[in-house]
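Below is my_file03.txt, holding compact mmCIF, C-alpha atoms and all ligand atoms.
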```
# COMPACT_ATOMS: atom_id res chain seq x y z
CA MET A 1 -105.77 -60.08 114.72
CA HIS A 2 -104.08 -63.33 115.64
CA ARG A 3 -100.76 -61.95 114.37
CA THR A 4 -101.16 -58.78 116.45
CA ARG A 5 -101.94 -60.76 119.55
CA THR A 6 -98.98 -63.07 118.97
CA ARG A 7 -96.60 -60.13 118.54
CA PHE A 8 -98.03 -58.49 121.63
CA ALA A 9 -97.61 -61.70 123.64
CA ALA A 10 -94.02 -62.03 122.45
CA ARG A 11 -93.30 -58.44 123.52
CA VAL A 12 -94.86 -58.99 126.95
CA ASN A 13 -92.83 -62.15 127.30
CA ARG A 14 -89.62 -60.30 126.39
CA VAL A 15 -90.31 -57.50 128.82
CA ALA A 16 -91.23 -59.99 131.56
CA LYS A 17 -87.99 -61.94 130.94
CA GLY A 18 -85.98 -58.70 131.08
CA LEU A 19 -87.61 -57.72 134.37
CA GLU A 20 -87.09 -61.17 135.82
CA ARG A 21 -83.45 -61.07 134.78
CA ARG A 22 -82.95 -57.66 136.33
CA GLY A 23 -84.64 -58.92 139.50
CA VAL A 24 -82.30 -61.90 139.74
CA VAL A 25 -79.23 -59.73 139.17
CA ALA A 26 -80.41 -57.15 141.74
CA THR A 27 -81.08 -59.91 144.31
CA TYR A 28 -77.60 -61.32 143.73
CA GLU A 29 -75.86 -57.95 144.06
CA VAL A 30 -77.76 -57.00 147.22
CA HIS A 31 -76.93 -60.35 148.83
CA ASP A 32 -73.31 -60.09 147.73
CA ARG A 33 -72.74 -56.59 149.06
CA LEU A 34 -75.13 -56.22 151.96
CA LEU A 35 -76.94 -59.30 153.14
CA ALA A 36 -76.00 -62.99 152.98
CA ASN A 37 -72.37 -62.66 151.91
CA ARG A 38 -71.64 -59.92 154.39
CA ALA A 39 -72.83 -62.17 157.20
CA SER A 40 -70.79 -65.12 155.94
CA ARG A 41 -67.67 -62.93 155.56
CA ARG A 42 -68.12 -61.87 159.17
CA ARG A 43 -68.33 -65.50 160.30
CA TYR A 44 -65.13 -66.25 158.40
CA VAL A 45 -63.23 -63.31 159.88
CA GLN A 46 -64.31 -64.26 163.41
CA THR A 47 -62.96 -67.82 163.08
CA PRO A 48 -60.47 -68.04 160.19
CA PRO A 49 -59.21 -71.61 159.58
CA ALA A 50 -55.54 -72.43 160.21
CA LEU A 51 -54.11 -73.77 156.94
CA ASP A 52 -51.05 -76.00 156.78
CA ASP A 53 -48.29 -75.56 154.17
CA VAL A 54 -50.00 -77.76 151.57
CA GLN A 55 -53.30 -75.89 151.84
CA GLN A 56 -51.49 -72.54 151.89
CA GLY A 57 -49.57 -73.50 148.71
CA VAL A 58 -52.86 -74.33 146.94
CA LEU A 59 -54.41 -71.09 148.16
CA ASP A 60 -51.45 -69.00 146.94
CA ARG A 61 -51.64 -70.58 143.47
CA LEU A 62 -55.41 -70.13 143.34
CA ARG A 63 -55.06 -66.46 144.19
CA GLU A 64 -52.32 -65.96 141.61
CA GLU A 65 -53.57 -68.07 138.69
CA GLY A 66 -57.16 -69.07 139.48
CA TYR A 67 -56.25 -72.77 139.62
CA ALA A 68 -54.03 -75.28 141.43
CA SER A 69 -53.64 -79.03 141.09
CA LEU A 70 -51.91 -81.66 143.22
CA PRO A 71 -52.13 -85.35 144.14
CA PHE A 72 -55.18 -85.90 146.34
CA SER A 73 -52.99 -87.87 148.78
CA GLU A 74 -50.92 -84.73 149.48
CA LEU A 75 -53.97 -82.79 150.50
CA VAL A 76 -55.79 -85.64 152.26
CA PRO A 77 -53.10 -88.07 153.43
CA ASP A 78 -55.53 -90.44 155.20
CA PRO A 79 -55.53 -93.51 152.87
CA ASP A 80 -58.96 -94.62 154.14
CA VAL A 81 -60.60 -91.56 152.60
CA TRP A 82 -59.22 -92.31 149.14
CA GLN A 83 -59.99 -96.03 149.41
CA GLU A 84 -63.64 -95.38 150.22
CA LEU A 85 -63.99 -92.89 147.35
CA GLU A 86 -62.25 -95.20 144.91
CA ALA A 87 -64.46 -98.16 145.87
CA ASP A 88 -67.61 -96.06 145.43
CA ALA A 89 -66.33 -94.75 142.09
CA GLN A 90 -65.69 -98.31 140.91
CA ARG A 91 -69.30 -99.26 141.70
CA PHE A 92 -70.55 -96.22 139.79
CA VAL A 93 -68.35 -97.07 136.79
CA ALA A 94 -69.54 -100.70 136.76
CA GLU A 95 -73.23 -99.64 136.95
CA THR A 96 -72.75 -97.00 134.28
CA GLU A 97 -70.95 -99.34 131.89
CA ALA A 98 -73.68 -101.96 132.38
CA GLY A 99 -76.31 -99.27 131.68
CA LEU A 100 -74.50 -98.09 128.55
CA ALA A 101 -74.22 -101.67 127.28
CA SER A 102 -77.93 -102.19 127.84
CA GLU A 103 -78.75 -98.94 125.98
CA ARG A 104 -76.65 -100.11 123.03
CA GLU A 105 -78.76 -103.28 122.94
CA GLY A 106 -81.93 -101.18 122.84
CA GLY A 107 -82.79 -101.44 126.56
CA GLU A 108 -84.51 -98.61 128.38
CA SER A 109 -82.07 -96.06 129.82
CA VAL A 110 -81.74 -96.00 133.59
CA LEU A 111 -78.75 -93.65 133.55
CA ARG A 112 -78.90 -90.06 134.80
CA ARG A 113 -78.25 -87.41 132.18
CA ARG A 114 -79.20 -83.75 131.99
CA ALA A 115 -80.73 -81.94 129.05
CA GLY A 116 -78.10 -79.95 127.16
CA LYS A 117 -75.24 -82.06 128.49
CA GLU A 118 -76.37 -85.52 127.48
CA PHE A 119 -72.83 -86.55 126.62
CA LEU A 120 -72.10 -87.44 130.25
CA VAL A 121 -73.69 -89.72 132.85
CA ARG A 122 -74.10 -88.48 136.43
CA LYS A 123 -74.21 -90.45 139.65
CA TYR A 124 -76.63 -87.99 141.26
CA SER A 125 -77.80 -85.27 138.84
CA TRP A 126 -80.64 -83.35 140.61
CA GLY A 127 -82.61 -83.50 143.84
CA VAL A 128 -80.91 -86.49 145.42
CA PRO A 129 -81.15 -86.83 149.24
CA LEU A 130 -77.62 -87.07 150.66
CA GLY A 131 -76.50 -87.58 154.24
CA LEU A 132 -73.11 -87.85 155.88
CA ASP A 133 -72.99 -91.53 154.98
CA ASP A 134 -72.29 -90.38 151.43
CA PRO A 135 -68.51 -90.24 150.86
CA TRP A 136 -68.73 -87.49 148.21
CA LEU A 137 -70.80 -85.22 150.45
CA ARG A 138 -68.30 -85.86 153.25
CA LEU A 139 -65.51 -84.94 150.83
CA GLY A 140 -67.19 -81.59 150.18
CA THR A 141 -67.17 -80.85 153.91
CA ASN A 142 -63.80 -82.41 154.68
CA PRO A 143 -61.95 -79.57 156.48
CA ARG A 144 -58.89 -80.13 154.27
CA LEU A 145 -61.03 -78.95 151.33
CA LEU A 146 -63.68 -76.81 153.00
CA ASP A 147 -61.16 -74.68 154.93
CA LEU A 148 -59.36 -74.07 151.66
CA ALA A 149 -62.58 -73.12 149.88
CA ASN A 150 -63.54 -70.74 152.69
CA ALA A 151 -60.08 -69.19 152.78
CA TYR A 152 -60.14 -68.69 149.00
CA LEU A 153 -63.61 -67.15 149.03
CA GLN A 154 -62.88 -65.26 152.28
CA MET A 155 -66.25 -66.27 153.67
CA TRP A 156 -68.07 -69.36 154.88
CA SER A 157 -69.07 -71.02 151.64
CA LYS A 158 -72.02 -73.15 150.64
CA LEU A 159 -71.45 -76.59 149.16
CA GLU A 160 -73.66 -76.21 146.12
CA TYR A 161 -72.92 -79.23 143.94
CA VAL A 162 -71.67 -82.77 144.52
CA ASP A 163 -71.50 -85.39 141.80
CA VAL A 164 -69.49 -88.03 139.98
CA TRP A 165 -69.42 -87.92 136.18
CA TYR A 166 -68.73 -90.62 133.64
CA THR A 167 -68.08 -89.22 130.17
CA PRO A 168 -68.03 -91.99 127.57
CA ALA A 169 -65.74 -91.63 124.57
CA ALA A 170 -67.97 -90.06 121.94
CA GLY A 171 -67.86 -90.49 118.22
CA SER A 172 -68.60 -86.76 117.88
CA ASP A 173 -66.02 -84.36 116.49
CA GLU A 174 -67.91 -81.27 117.58
CA ARG A 175 -67.60 -79.72 121.03
CA ARG A 176 -70.89 -79.02 122.81
CA ALA A 177 -71.97 -77.09 125.94
CA SER A 178 -69.22 -77.18 128.62
CA GLN A 179 -66.83 -78.83 126.15
CA ARG A 180 -66.53 -75.27 124.72
CA TRP A 181 -64.79 -72.34 126.42
CA HIS A 182 -67.11 -70.61 128.88
CA ARG A 183 -67.42 -68.89 132.24
CA ASP A 184 -69.81 -70.41 134.81
CA PHE A 185 -72.65 -68.04 135.55
CA ASN A 186 -73.21 -69.32 139.13
CA ASP A 187 -71.22 -66.76 141.06
CA ARG A 188 -68.17 -64.53 141.01
CA HIS A 189 -67.14 -66.17 144.30
CA LEU A 190 -66.72 -69.68 143.07
CA LEU A 191 -64.45 -72.64 143.65
CA LYS A 192 -64.72 -76.03 141.97
CA ALA A 193 -62.75 -79.19 142.55
CA PHE A 194 -62.35 -81.95 139.97
CA LEU A 195 -60.95 -85.21 141.32
CA TYR A 196 -59.77 -87.50 138.53
CA LEU A 197 -60.88 -91.09 139.14
CA VAL A 198 -59.08 -92.47 136.06
CA ASP A 199 -55.88 -91.44 134.28
CA VAL A 200 -56.82 -88.56 131.98
CA ASP A 201 -54.86 -88.04 128.77
CA GLU A 202 -55.72 -86.02 125.63
CA GLU A 203 -58.17 -88.71 124.47
CA ALA A 204 -60.14 -88.70 127.74
CA GLY A 205 -61.20 -85.04 127.49
CA PRO A 206 -58.98 -83.27 130.03
CA PHE A 207 -60.14 -80.21 131.89
CA GLU A 208 -58.65 -76.96 130.51
CA TYR A 209 -58.39 -73.53 132.07
CA VAL A 210 -57.27 -70.02 131.16
CA PRO A 211 -55.11 -68.74 134.05
CA ARG A 212 -55.91 -65.29 135.47
CA SER A 213 -59.26 -65.11 133.67
CA ALA A 214 -61.42 -65.15 136.83
CA PRO A 215 -62.75 -61.82 138.18
CA GLY A 216 -59.83 -59.79 139.53
CA GLY A 217 -57.32 -61.52 137.20
CA GLU A 218 -55.35 -59.96 134.36
CA LEU A 219 -57.74 -61.44 131.74
CA ASP A 220 -61.00 -60.72 133.56
CA ARG A 221 -62.06 -58.15 130.91
CA LEU A 222 -62.20 -60.85 128.24
CA TRP A 223 -65.97 -61.28 127.80
CA PRO A 224 -66.20 -60.39 131.51
CA TRP A 225 -68.16 -62.36 134.09
CA ARG A 226 -71.65 -60.98 134.73
CA PRO A 227 -74.48 -62.54 136.74
CA LEU A 228 -76.50 -64.45 134.12
CA GLY A 229 -74.06 -63.10 131.50
CA GLU A 230 -73.48 -64.27 127.93
CA ASN A 231 -70.75 -66.71 128.88
CA TYR A 232 -69.84 -68.67 125.70
CA PRO A 233 -67.73 -66.41 123.43
CA PRO A 234 -67.24 -67.21 119.71
CA GLU A 235 -64.58 -69.95 119.57
CA ASP A 236 -62.32 -68.40 116.88
CA GLU A 237 -62.26 -64.91 118.45
CA PHE A 238 -61.61 -66.51 121.81
CA ALA A 239 -58.62 -68.50 120.51
CA ASP A 240 -57.11 -65.28 119.08
CA HIS A 241 -57.39 -63.50 122.43
CA VAL A 242 -56.13 -66.35 124.60
CA ASP A 243 -53.28 -67.08 122.21
CA GLY A 244 -52.19 -70.40 123.67
CA ARG A 245 -52.17 -69.32 127.31
CA SER A 246 -54.55 -72.05 128.48
CA VAL A 247 -53.48 -74.98 130.67
CA THR A 248 -54.51 -78.58 129.90
CA PHE A 249 -54.79 -80.95 132.85
CA THR A 250 -53.70 -84.30 131.50
CA ALA A 251 -52.93 -86.06 134.77
CA PRO A 252 -53.02 -89.40 136.59
CA LYS A 253 -55.90 -90.83 138.56
CA GLY A 254 -55.95 -89.29 142.03
CA THR A 255 -55.16 -85.76 140.85
CA ILE A 256 -57.32 -83.00 142.27
CA ILE A 257 -57.75 -79.70 140.42
CA PHE A 258 -59.12 -76.63 142.15
CA CYS A 259 -60.19 -73.66 140.09
CA ASN A 260 -62.41 -70.64 139.98
CA THR A 261 -64.67 -71.49 137.06
CA SER A 262 -66.03 -67.98 136.75
CA GLY A 263 -62.77 -67.88 134.75
CA PHE A 264 -62.68 -69.50 131.29
CA HIS A 265 -62.59 -73.28 131.15
CA ARG A 266 -63.79 -76.26 129.17
CA GLY A 267 -63.43 -80.06 129.23
CA GLY A 268 -64.96 -83.48 128.87
CA PHE A 269 -64.42 -83.77 125.13
CA ALA A 270 -63.58 -87.47 125.47
CA THR A 271 -62.68 -88.72 122.01
CA GLY A 272 -60.90 -92.02 122.61
CA LYS A 273 -61.53 -93.16 126.19
CA PRO A 274 -63.97 -92.47 129.01
CA ARG A 275 -63.28 -89.89 131.69
CA VAL A 276 -64.46 -90.36 135.27
CA LEU A 277 -64.22 -87.63 137.89
CA ALA A 278 -65.88 -86.30 141.00
CA THR A 279 -66.84 -82.66 141.04
CA LEU A 280 -67.66 -80.32 143.91
CA THR A 281 -68.69 -76.67 143.89
CA TRP A 282 -68.46 -74.19 146.74
CA ASP A 283 -70.01 -70.81 146.21
CA SER A 284 -71.41 -67.92 148.17
CA PRO A 285 -74.78 -67.64 149.94
CA ALA A 286 -75.68 -64.84 147.49
CA SER A 287 -75.42 -67.32 144.65
CA LEU A 288 -77.82 -69.73 146.36
CA LYS A 289 -80.25 -66.86 146.94
CA ALA A 290 -80.29 -65.74 143.31
CA LEU A 291 -78.33 -67.65 140.71
CA SER A 292 -77.90 -71.31 141.54
CA GLU A 293 -79.61 -74.26 143.16
CA ARG A 294 -78.15 -77.16 145.08
CA ASN A 295 -78.24 -80.46 143.24
CA TYR A 296 -78.82 -82.42 146.48
CA VAL A 297 -81.00 -82.21 149.56
CA PHE A 298 -79.03 -82.57 152.80
CA VAL A 299 -80.49 -85.21 155.11
CA PRO A 300 -79.28 -84.33 158.62
CA ARG A 301 -78.59 -87.71 160.26
CA ASN A 302 -75.69 -88.43 162.63
CA ASP A 303 -74.54 -84.86 162.11
CA ALA A 304 -73.90 -83.83 165.71
CA ALA A 305 -70.14 -83.71 165.15
CA LEU A 306 -70.33 -81.17 162.32
CA SER A 307 -68.47 -77.94 162.97
CA PRO A 308 -70.41 -74.68 162.51
CA ALA A 309 -68.63 -74.05 159.17
CA GLN A 310 -69.47 -77.57 157.93
CA ARG A 311 -73.11 -77.21 158.94
CA TYR A 312 -73.26 -73.82 157.25
CA ALA A 313 -71.86 -75.34 154.04
CA LEU A 314 -74.65 -77.93 153.94
CA THR A 315 -77.62 -75.84 155.00
O1 LIG B 401 -66.08 -81.37 132.12
C1 LIG B 401 -65.23 -80.50 132.25
O2 LIG B 401 -64.01 -80.73 132.26
C2 LIG B 401 -65.67 -79.06 132.39
C3 LIG B 401 -66.79 -78.95 133.32
C4 LIG B 401 -67.33 -77.56 133.43
O3 LIG B 401 -67.32 -76.78 132.53
C5 LIG B 401 -67.91 -77.16 134.70
O4 LIG B 401 -68.07 -77.98 135.61
O5 LIG B 401 -68.22 -75.96 134.83
```

Encoded form using structure tokens:
Amino acid sequence: MHRTRTRFAARVNRVAKGLERRGVVATYEVHDRLLANRASRRRYVQTPPALDDVQQGVLDRLREEGYASLPFSELVPDPDVWQELEADAQRFVAETEAGLASEREGGESVLRRRAGKEFLVRKYSWGVPLGLDDPWLRLGTNPRLLDLANAYLQMWSKLEYVDVWYTPAAGSDERRASQRWHRDFNDRHLLKAFLYLVDVDEEAGPFEYVPRSAPGGELDRLWPWRPLGENYPPEDEFADHVDGRSVTFTAPKGTIIFCNTSGFHRGGFATGKPRVLATLTWDSPASLKALSERNYVFVPRNDAALSPAQRYALT
């Protein structure tokens, strides 16, 4: 009797999960084709941003390859912006290293980590209230970046994720979670930026990307992107298919990498030295309706000067 009931409960659970999954996918597709994304595409078309040559160069490479990287100072020449970010990053690094030292001595952990990706420490993680006094949130709405994101996605995007990561050098020789090749499930309209806050060489776990693997690219049929899809292919089969065509971003501090991570990527396998970077995600309103959640709560203070596109990105 107990066994029958347990099997029955498992079946109900499976069916319920399947229905829930189908519901999420249907919500996403309807918002992509008809509702939220259509409205945000219209807003974009009505007021398209004017890009300068640097932004246009990044956009052309993104469209061609799915990624582009350049020195941050070329994209955002104002030295005050970088100085503020660098100073904040240094505080985060000092706090994190003090926290790691205390953990090694048996102290209680005060560092922010997420289940499944415990190998890195986050400045914010989930649910943090952020206002425009936060330099990383301001970076995500800086028109030099936001206009580029909107032009790439051809719609007014949503700033979905803002964080700074510290990945300590691990003793592990096995890649886990996002250290393995995968597609992000968040959205097919997706742009991430990774801003290196230290020099990143092979030992610091560089970001890696497979060009033209995002939807619409030559390799998009390789374990194709699907909403909530199975997005971690078997490593050996994957290596055979990609056949050395991936790009590894070993690069100096102050490099910014843009890429569509619905294409294949991996990184953060820091073997010999820590890696520190800031990461931002812009995606579509359909994604926020169905597939993803913001990691911060926007606190609207001193926000009168925000442009409509900036406000849209944060709300
Ligand atoms: O840490 C990395 O370099 C990869 C991160 C990643 O997979 C992601 O943000 O989707």

With the cut-off set at 9 Å and counting only C-alpha atoms and all ligand atoms, tabulate each residue of chain A with an atom at most that distance from an atom of ligand LIG 401 (chain B), showing the nearest atom pair and its distance in Å to one decimal, ordered by chain and increasing number, as JSON lines.
```
{"residue": "A:Leu120", "atom": "CA", "partner": "B:LIG401", "partner_atom": "O1", "distance": 8.8}
{"residue": "A:Trp165", "atom": "CA", "partner": "B:LIG401", "partner_atom": "O1", "distance": 8.4}
{"residue": "A:Thr167", "atom": "CA", "partner": "B:LIG401", "partner_atom": "O1", "distance": 8.3}
{"residue": "A:Ala177", "atom": "CA", "partner": "B:LIG401", "partner_atom": "O3", "distance": 8.1}
{"residue": "A:Ser178", "atom": "CA", "partner": "B:LIG401", "partner_atom": "O3", "distance": 4.4}
{"residue": "A:Gln179", "atom": "CA", "partner": "B:LIG401", "partner_atom": "C2", "distance": 6.4}
{"residue": "A:Arg180", "atom": "CA", "partner": "B:LIG401", "partner_atom": "O3", "distance": 8.0}
{"residue": "A:Trp181", "atom": "CA", "partner": "B:LIG401", "partner_atom": "O3", "distance": 8.0}
{"residue": "A:His182", "atom": "CA", "partner": "B:LIG401", "partner_atom": "O3", "distance": 7.2}
{"residue": "A:Arg183", "atom": "CA", "partner": "B:LIG401", "partner_atom": "O5", "distance": 7.6}
{"residue": "A:Asp184", "atom": "CA", "partner": "B:LIG401", "partner_atom": "O5", "distance": 5.8}
{"residue": "A:Lys192", "atom": "CA", "partner": "B:LIG401", "partner_atom": "O4", "distance": 7.4}
{"residue": "A:Ala193", "atom": "CA", "partner": "B:LIG401", "partner_atom": "O4", "distance": 8.8}
{"residue": "A:Phe194", "atom": "CA", "partner": "B:LIG401", "partner_atom": "O2", "distance": 8.0}
{"residue": "A:Gly205", "atom": "CA", "partner": "B:LIG401", "partner_atom": "O2", "distance": 7.0}
{"residue": "A:Pro206", "atom": "CA", "partner": "B:LIG401", "partner_atom": "O2", "distance": 6.1}
{"residue": "A:Phe207", "atom": "CA", "partner": "B:LIG401", "partner_atom": "O2", "distance": 3.9}
{"residue": "A:Glu208", "atom": "CA", "partner": "B:LIG401", "partner_atom": "O2", "distance": 6.8}
{"residue": "A:Thr261", "atom": "CA", "partner": "B:LIG401", "partner_atom": "O5", "distance": 6.1}
{"residue": "A:Ser262", "atom": "CA", "partner": "B:LIG401", "partner_atom": "O5", "distance": 8.5}
{"residue": "A:Phe264", "atom": "CA", "partner": "B:LIG401", "partner_atom": "O3", "distance": 8.7}
{"residue": "A:His265", "atom": "CA", "partner": "B:LIG401", "partner_atom": "O3", "distance": 6.0}
{"residue": "A:Arg266", "atom": "CA", "partner": "B:LIG401", "partner_atom": "C2", "distance": 4.7}
{"residue": "A:Gly267", "atom": "CA", "partner": "B:LIG401", "partner_atom": "O2", "distance": 3.2}
{"residue": "A:Gly268", "atom": "CA", "partner": "B:LIG401", "partner_atom": "O1", "distance": 4.0}
{"residue": "A:Phe269", "atom": "CA", "partner": "B:LIG401", "partner_atom": "O1", "distance": 7.6}
{"residue": "A:Arg275", "atom": "CA", "partner": "B:LIG401", "partner_atom": "O1", "distance": 9.0}
{"residue": "A:Leu277", "atom": "CA", "partner": "B:LIG401", "partner_atom": "O1", "distance": 8.7}
{"residue": "A:Thr279", "atom": "CA", "partner": "B:LIG401", "partner_atom": "O4", "distance": 7.3}
{"residue": "A:Leu280", "atom": "CA", "partner": "B:LIG401", "partner_atom": "O4", "distance": 8.6}
{"residue": "A:Thr281", "atom": "CA", "partner": "B:LIG401", "partner_atom": "O4", "distance": 8.4}
```

12 Å contact set for Glu86 (chain A), only C-alpha atoms, chain neighbours under 3 positions out, as a list in words:
Phe72, Pro79, Asp80, Val81, Trp82, Gln83, Ala89, Gln90, Arg91, Phe92, Val93, Pro135, Trp136, Val164, Leu195, Tyr196, Leu197, Val198, Lys253, Gly254, Val276, Leu277 and Ala278 of chain A

Now that the selection is made, can you save its residues with C-alpha atoms as a compact mmCIF listing (two decimals), keeping the file's coordinate frame?
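Final output, part.txt:
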```txt
# COMPACT_ATOMS: atom_id res chain seq x y z
CA PHE A 72 -55.18 -85.90 146.34
CA PRO A 79 -55.53 -93.51 152.87
CA ASP A 80 -58.96 -94.62 154.14
CA VAL A 81 -60.60 -91.56 152.60
CA TRP A 82 -59.22 -92.31 149.14
CA GLN A 83 -59.99 -96.03 149.41
CA ALA A 89 -66.33 -94.75 142.09
CA GLN A 90 -65.69 -98.31 140.91
CA ARG A 91 -69.30 -99.26 141.70
CA PHE A 92 -70.55 -96.22 139.79
CA VAL A 93 -68.35 -97.07 136.79
CA PRO A 135 -68.51 -90.24 150.86
CA TRP A 136 -68.73 -87.49 148.21
CA VAL A 164 -69.49 -88.03 139.98
CA LEU A 195 -60.95 -85.21 141.32
CA TYR A 196 -59.77 -87.50 138.53
CA LEU A 197 -60.88 -91.09 139.14
CA VAL A 198 -59.08 -92.47 136.06
CA LYS A 253 -55.90 -90.83 138.56
CA GLY A 254 -55.95 -89.29 142.03
CA VAL A 276 -64.46 -90.36 135.27
CA LEU A 277 -64.22 -87.63 137.89
CA ALA A 278 -65.88 -86.30 141.00
```

For region 41-45 of chain A, list every protein, DNA or RNA residue within 9 Å, evaluated using all atoms listed in the file, and leave out those in the same chain fewer than 2 positions away; present the list as a count of residues only.
14

Please provide as a VMD selection string all residues within 12 Å of Ser287 (chain A), with the sequence filter that same-chain residues fewer than 6 positions apart are discarded (counting all atoms listed in the file).
chain A and resid 24 to 33 35 to 37 157 to 160 184 to 190 227 to 228 281 293 to 294

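Coordinates place CA of Ala313 (chain A) at a distance of 23.6 Å from CA of Asp53 (chain A).
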
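Reported to one decimal place, the separation of CA of Leu288 (chain A) from CA of Gly217 (chain A) is 23.9 Å.
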
Quick check, in Å to one decimal: how far apart do CA of Phe298 (chain A) and CA of Gly131 (chain A) lie?
5.8 Å

I'd like the box whose edges run along x, y and z of the file and which contains every listed atom of region 145-163 of chain A, padded by 5 Å per side; could you state its centre and edge lengths in Å, one decimal, as AutoDock Vina command-line options?
```
--center_x -66.5 --center_y -75.3 --center_z 148.4 --size_x 24.3 --size_y 30.1 --size_z 23.1
```

Nearest candidate to Ala270 (chain A) (options A:Pro143, A:Pro168, A:Gly18, A:Gly116; using only C-alpha atoms):
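The shortest atom-to-atom distance to Ala270 (chain A) comes from A:Pro168.
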
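Here the question is which of A:Leu222, A:Val110, A:Cys259, A:Leu132 gets nearest to Leu306 (chain A) using all atoms listed in the file, and that residue is A:Leu132.
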
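Compared by their closest atoms to Ile257 (chain A), and using only C-alpha atoms, the residues A:Ala87, A:Ala98, A:Leu70, A:Val54 rank with A:Leu70 nearest.
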
Rank A:Ala9, A:Val200, A:Ala169, A:Leu137 by their smallest atom-to-atom distance to Gln310 (chain A), using all atoms listed in the file, and report the top residue only.
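Using all atoms listed in the file, the shortest distance to Gln310 (chain A) belongs to A:Leu137.
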
Which is closer to Arg61 (chain A) than all the others in A:Glu84, A:Leu148, A:Lys123, A:Thr96, using only C-alpha atoms?
A:Leu148

I'd like the contact shell of Ala68 (chain A) - 9 Å cut-off, all atoms listed in the file, skipping same-chain residues fewer than 5 positions apart - returned as an MDAnalysis selection string.
chainID A and resid 57:62 256:259

Deliver the residues from the most recent selection as a file, using C-alpha atoms, as a tab-separated table (two decimals), keeping the file's coordinate frame.
```
chain	number	residue	atom	x	y	z
A	57	GLY	CA	-49.57	-73.50	148.71
A	58	VAL	CA	-52.86	-74.33	146.94
A	59	LEU	CA	-54.41	-71.09	148.16
A	60	ASP	CA	-51.45	-69.00	146.94
A	61	ARG	CA	-51.64	-70.58	143.47
A	62	LEU	CA	-55.41	-70.13	143.34
A	256	ILE	CA	-57.32	-83.00	142.27
A	257	ILE	CA	-57.75	-79.70	140.42
A	258	PHE	CA	-59.12	-76.63	142.15
A	259	CYS	CA	-60.19	-73.66	140.09
```
